[in-house]
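Reviewing the structure listed below.
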Amino acid sequence: MTTSTTAVSISLPMAFTLILTVLLRPQQSVEAFTSLTTTSYRILQEKPSSTAFVVSSNPIAATYTRTNSFSSSSSSSSCKASTTSTSSETTTTSFIDTELRGAAMKLHTRAQAPKEGQAIEKPAPKQPYVTQLSDYFQFLIDSRFVYQTFEEVLKLPDLLEETSPFVNTGLERSSPLDADIDFLLKEYPEELKDFANAQEVGPAGREYADLIRRIAVEGGKERVPELMCHYYNHYFAHTAGGRMIGKQMSALLLNKKTLEFYKWDEDINKIKTTVKNSFEEMAAKWTREQKDMCVDATAAAFRGGGSINAYLRGGSSPH
């Protein structure tokens with residue numbers, strides 16, 4: 001089965017356009033990933049509504065935004081579970097909603113985060129890029145490699161005492177991506193013929209996965225806070241702004257087929273709440289130095305995720 005075209009000129013809402021207009025320079029990669037994260041952070045904070053999902057120009061901002069087409073009505077109260085009152089009426093401050101969110105917002109422009117954005121706005125390109133199926137396919141290949149790396153390092157014996165709450169959470173994406181890559185190769189053999197014999201990981205995915213592995217293997221327990229910053233931003237960006245990308249690519253390239261990458265076996269909001277609470281419990285035990293290590297890794301997390309998103313803008317592919 002083939003579509004009538006495999007290259008589509010993108011004319012999308014501003015939020016999504018910001019994601020796709022990223023080039024390969026580091027600062028622009030940061031900007032692409034901030035579009036993903038903005039939605040996510042707000043999802044963790046705002047009250048549920050019956051309105052459709054709106055991308056606020058920021059997919060890892062989507063990590064830290066929200067509305068309800070991707071969220072259940074129960075998610076808001078549960079997402080705030082880390083800021084709870086104990087029997088003695090004391091309140092625990094959320095590390096994610098304060099410090100980690102604050103670091104993320106510094107990487108957003110005013111257009112992406114009107115109230116909190118601090119980064120300088122970059123001019124949009126005059127001509128929109130024509131995203132091809134091969135661009136999206138490379139994005140999926142590199143994404144799979146990065147998720148495989150996360151899944152492997154979280155199980156390292158030296159780290160498992162601290163990282164075990166983040167193993168087999170339901171957020172894992174490598175197996176769904178295996179299925180999607182196989183499906184697309186069978187469904188679009190002509191368009192993806194260059195990938196038929198080898199699905200080579202591109203430079204963006206390999207470099208980011210190498211960074212994650214170095215942090216985990218060379219840094220060991222000492223660098224777990226840094227690793228967890230990458231983990232949180234990468235996984236939660238996908239559950240928010242990343243799903244927006246999936247919806248747009250589905251409509252543009254796949255006859256509205258929803259890939260397994262954008263599906264979860266259980267209620268995604270419940271999974272996110274559980275993982276977020278585990279993260280908050282871990283962070284509550286960190287020293288000030290460890291918390292700073294986590295926060296300081298935010299820009300690198302944005303660059304890593306943004307470099308992979310750059311394939312959608314024609315970023316360098318090995319194919």
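Chain lettering (A, B, ...) mirrors the order of the structure tokens, residue numbering begins at 1 for each chain separately, and ligand numbering begins at 1 in order of display.
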Would you list the contacts of Leu227 of chain A as a PyMOL selection string, taking every protein, DNA or RNA residue within 9 Å and counting only C-alpha atoms, but skipping same-chain residues closer than 6 positions in sequence? chain A and resi 212+215-216+294+297
Shell around Gly102 of chain A at 9 Å using only C-alpha atoms, local window under 5 positions removed, as a list in words: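 Once the nearby chain positions are removed, what remains is Ile96, Asp97, Glu116 and Val295 of chain A.
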May I have the residues from that selection written out with all heavy atoms, as a PDB file, in the first residue's frame?
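So out.pdb came out as:
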ATOM      1  N   ILE A  96      10.027  18.456  40.713  1.00  0.00           N
ATOM      2  CA  ILE A  96       9.739  18.553  39.283  1.00  0.00           C
ATOM      3  C   ILE A  96       9.052  19.868  38.954  1.00  0.00           C
ATOM      4  O   ILE A  96       9.437  20.570  38.012  1.00  0.00           O
ATOM      5  CB  ILE A  96       8.882  17.364  38.821  1.00  0.00           C
ATOM      6  CG1 ILE A  96       9.704  16.072  38.860  1.00  0.00           C
ATOM      7  CG2 ILE A  96       8.335  17.600  37.406  1.00  0.00           C
ATOM      8  CD1 ILE A  96       8.890  14.812  38.616  1.00  0.00           C
ATOM      9  N   ASP A  97       8.027  20.210  39.719  1.00  0.00           N
ATOM     10  CA  ASP A  97       7.219  21.379  39.396  1.00  0.00           C
ATOM     11  C   ASP A  97       7.875  22.695  39.753  1.00  0.00           C
ATOM     12  O   ASP A  97       7.393  23.757  39.344  1.00  0.00           O
ATOM     13  CB  ASP A  97       5.865  21.294  40.112  1.00  0.00           C
ATOM     14  CG  ASP A  97       5.023  20.131  39.598  1.00  0.00           C
ATOM     15  OD1 ASP A  97       5.295  19.679  38.473  1.00  0.00           O
ATOM     16  OD2 ASP A  97       4.120  19.694  40.323  1.00  0.00           O
ATOM     17  N   GLU A 116       6.764  32.632  31.313  1.00  0.00           N
ATOM     18  CA  GLU A 116       8.028  32.250  31.943  1.00  0.00           C
ATOM     19  C   GLU A 116       9.209  32.147  30.993  1.00  0.00           C
ATOM     20  O   GLU A 116      10.343  31.984  31.436  1.00  0.00           O
ATOM     21  CB  GLU A 116       7.858  30.905  32.652  1.00  0.00           C
ATOM     22  CG  GLU A 116       6.795  30.900  33.723  1.00  0.00           C
ATOM     23  CD  GLU A 116       6.505  29.496  34.218  1.00  0.00           C
ATOM     24  OE1 GLU A 116       7.204  29.051  35.144  1.00  0.00           O
ATOM     25  OE2 GLU A 116       5.580  28.861  33.681  1.00  0.00           O
ATOM     26  N   VAL A 295      19.282  19.324  37.808  1.00  0.00           N
ATOM     27  CA  VAL A 295      18.795  20.543  37.150  1.00  0.00           C
ATOM     28  C   VAL A 295      19.755  20.995  36.049  1.00  0.00           C
ATOM     29  O   VAL A 295      19.333  21.388  34.952  1.00  0.00           O
ATOM     30  CB  VAL A 295      18.605  21.665  38.194  1.00  0.00           C
ATOM     31  CG1 VAL A 295      18.341  23.001  37.506  1.00  0.00           C
ATOM     32  CG2 VAL A 295      17.452  21.324  39.132  1.00  0.00           C
TER      33      VAL A 295
END
DSSP on the backbone, then: every residue of segment 101-297 of chain A marked alpha helix (DSSP H), written as JSON, numbers by chain. {"A": [101, 102, 103, 104, 105, 133, 134, 135, 136, 137, 138, 139, 140, 141, 142, 143, 144, 145, 146, 147, 148, 149, 150, 151, 152, 153, 160, 161, 162, 163, 174, 175, 176, 177, 178, 179, 180, 181, 182, 183, 184, 185, 186, 187, 203, 204, 205, 206, 207, 208, 209, 210, 211, 212, 213, 214, 215, 216, 217, 218, 219, 224, 225, 226, 227, 228, 229, 230, 231, 232, 233, 234, 235, 236, 237, 238, 239, 241, 242, 243, 244, 245, 246, 247, 248, 249, 250, 251, 252, 253, 268, 269, 270, 271, 272, 273, 274, 275, 276, 277, 278, 279, 280, 281, 282, 283, 284, 288, 289, 290, 291, 292, 293, 294, 295, 296]}
Produce a file of the selected residues containing C-alpha atoms, as a compact mmCIF listing (two decimals), in the first residue's frame.
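File written: again-v7.txt
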# COMPACT_ATOMS: atom_id res chain seq x y z
CA ARG A 101 10.41 23.05 35.56
CA GLY A 102 12.26 26.29 36.28
CA ALA A 103 15.34 25.03 34.44
CA ALA A 104 13.19 23.99 31.48
CA MET A 105 11.42 27.32 31.27
CA LEU A 133 8.48 9.53 5.07
CA SER A 134 12.19 8.71 5.13
CA ASP A 135 12.77 11.63 7.53
CA TYR A 136 10.15 10.32 9.89
CA PHE A 137 11.44 6.76 9.59
CA GLN A 138 14.94 7.88 10.55
CA PHE A 139 13.45 9.72 13.51
CA LEU A 140 11.82 6.45 14.62
CA ILE A 141 15.03 4.45 14.18
CA ASP A 142 17.08 6.87 16.25
CA SER A 143 14.33 7.13 18.86
CA ARG A 144 14.32 3.36 19.26
CA PHE A 145 18.07 3.30 19.80
CA VAL A 146 17.86 5.95 22.50
CA TYR A 147 14.98 4.20 24.28
CA GLN A 148 16.84 0.89 24.12
CA THR A 149 19.82 2.59 25.74
CA PHE A 150 17.71 4.02 28.54
CA GLU A 151 16.10 0.63 29.16
CA GLU A 152 19.50 -1.07 29.31
CA VAL A 153 21.29 1.38 31.60
CA LEU A 160 19.50 -0.81 40.11
CA GLU A 161 19.17 -0.05 43.80
CA GLU A 162 18.21 3.52 42.86
CA THR A 163 16.75 3.08 39.38
CA SER A 174 11.59 0.17 22.25
CA SER A 175 9.24 -2.77 21.65
CA PRO A 176 6.44 -0.63 20.18
CA LEU A 177 9.03 0.98 17.91
CA ASP A 178 10.20 -2.48 16.78
CA ALA A 179 6.63 -3.16 15.64
CA ASP A 180 6.28 0.21 13.94
CA ILE A 181 9.53 -0.06 12.03
CA ASP A 182 8.58 -3.54 10.77
CA PHE A 183 5.11 -2.31 9.78
CA LEU A 184 6.39 0.68 7.84
CA LEU A 185 8.97 -1.37 5.94
CA LYS A 186 6.23 -3.75 4.81
CA GLU A 187 3.64 -1.06 4.13
CA PRO A 203 24.38 10.61 14.20
CA ALA A 204 21.79 12.27 16.42
CA GLY A 205 20.53 9.07 18.00
CA ARG A 206 23.97 7.55 18.34
CA GLU A 207 25.50 10.62 19.97
CA TYR A 208 22.67 11.03 22.43
CA ALA A 209 22.62 7.33 23.32
CA ASP A 210 26.39 7.43 23.80
CA LEU A 211 25.98 10.32 26.22
CA ILE A 212 23.34 8.45 28.23
CA ARG A 213 25.54 5.36 28.39
CA ARG A 214 28.60 7.34 29.50
CA ILE A 215 26.65 9.00 32.28
CA ALA A 216 25.39 5.64 33.53
CA VAL A 217 28.46 3.45 33.03
CA GLU A 218 31.29 5.87 33.77
CA GLY A 219 29.42 7.96 36.31
CA VAL A 224 22.22 9.08 38.81
CA PRO A 225 20.64 12.55 39.28
CA GLU A 226 22.04 13.61 35.91
CA LEU A 227 20.77 10.41 34.28
CA MET A 228 17.32 10.91 35.76
CA CYS A 229 17.06 14.41 34.31
CA HIS A 230 17.55 12.92 30.84
CA TYR A 231 15.14 10.11 31.62
CA TYR A 232 12.36 12.35 32.87
CA ASN A 233 12.60 14.95 30.13
CA HIS A 234 12.89 12.43 27.31
CA TYR A 235 10.11 10.07 28.36
CA PHE A 236 7.64 12.70 29.48
CA ALA A 237 8.20 14.86 26.41
CA HIS A 238 7.06 11.91 24.31
CA THR A 239 3.87 11.45 26.31
CA GLY A 241 4.35 17.01 22.71
CA GLY A 242 5.71 13.81 21.19
CA ARG A 243 2.18 12.57 20.75
CA MET A 244 1.37 15.78 18.93
CA ILE A 245 4.19 15.04 16.52
CA GLY A 246 2.82 11.52 16.04
CA LYS A 247 -0.65 12.83 15.29
CA GLN A 248 0.65 15.29 12.73
CA MET A 249 2.93 12.76 11.03
CA SER A 250 0.10 10.25 10.93
CA ALA A 251 -2.13 12.70 9.10
CA LEU A 252 0.61 13.87 6.74
CA LEU A 253 2.32 10.62 5.85
CA ILE A 268 -0.84 6.64 30.38
CA ASN A 269 -1.90 9.20 32.98
CA LYS A 270 -1.75 6.63 35.76
CA ILE A 271 1.65 5.47 34.54
CA LYS A 272 2.96 9.02 34.48
CA THR A 273 1.64 9.72 37.95
CA THR A 274 3.34 6.63 39.35
CA VAL A 275 6.64 7.46 37.67
CA LYS A 276 6.48 11.11 38.68
CA ASN A 277 5.84 10.17 42.30
CA SER A 278 8.78 7.75 42.23
CA PHE A 279 10.95 10.53 40.86
CA GLU A 280 9.80 12.92 43.58
CA GLU A 281 10.55 10.34 46.28
CA MET A 282 14.04 9.85 44.88
CA ALA A 283 14.70 13.60 44.59
CA ALA A 284 13.51 14.20 48.15
CA ARG A 288 21.60 20.01 47.36
CA GLU A 289 24.55 19.09 45.16
CA GLN A 290 22.67 16.15 43.64
CA LYS A 291 19.61 18.27 42.93
CA ASP A 292 21.82 20.83 41.21
CA MET A 293 23.38 18.06 39.12
CA CYS A 294 19.94 17.01 37.94
CA VAL A 295 18.80 20.54 37.15
CA ASP A 296 22.05 21.40 35.38
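Here atom CA of Glu222 of chain A stands at a distance of 17.2 Å from atom CA of Thr298 of chain A.
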Pick out the closest residue to Asp265 of chain A from this set: A:Ala301, A:Thr169, A:Pro318, A:Asp194. Count only C-alpha atoms.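 Of the candidates, the smallest distance to Asp265 of chain A is held by A:Thr169.
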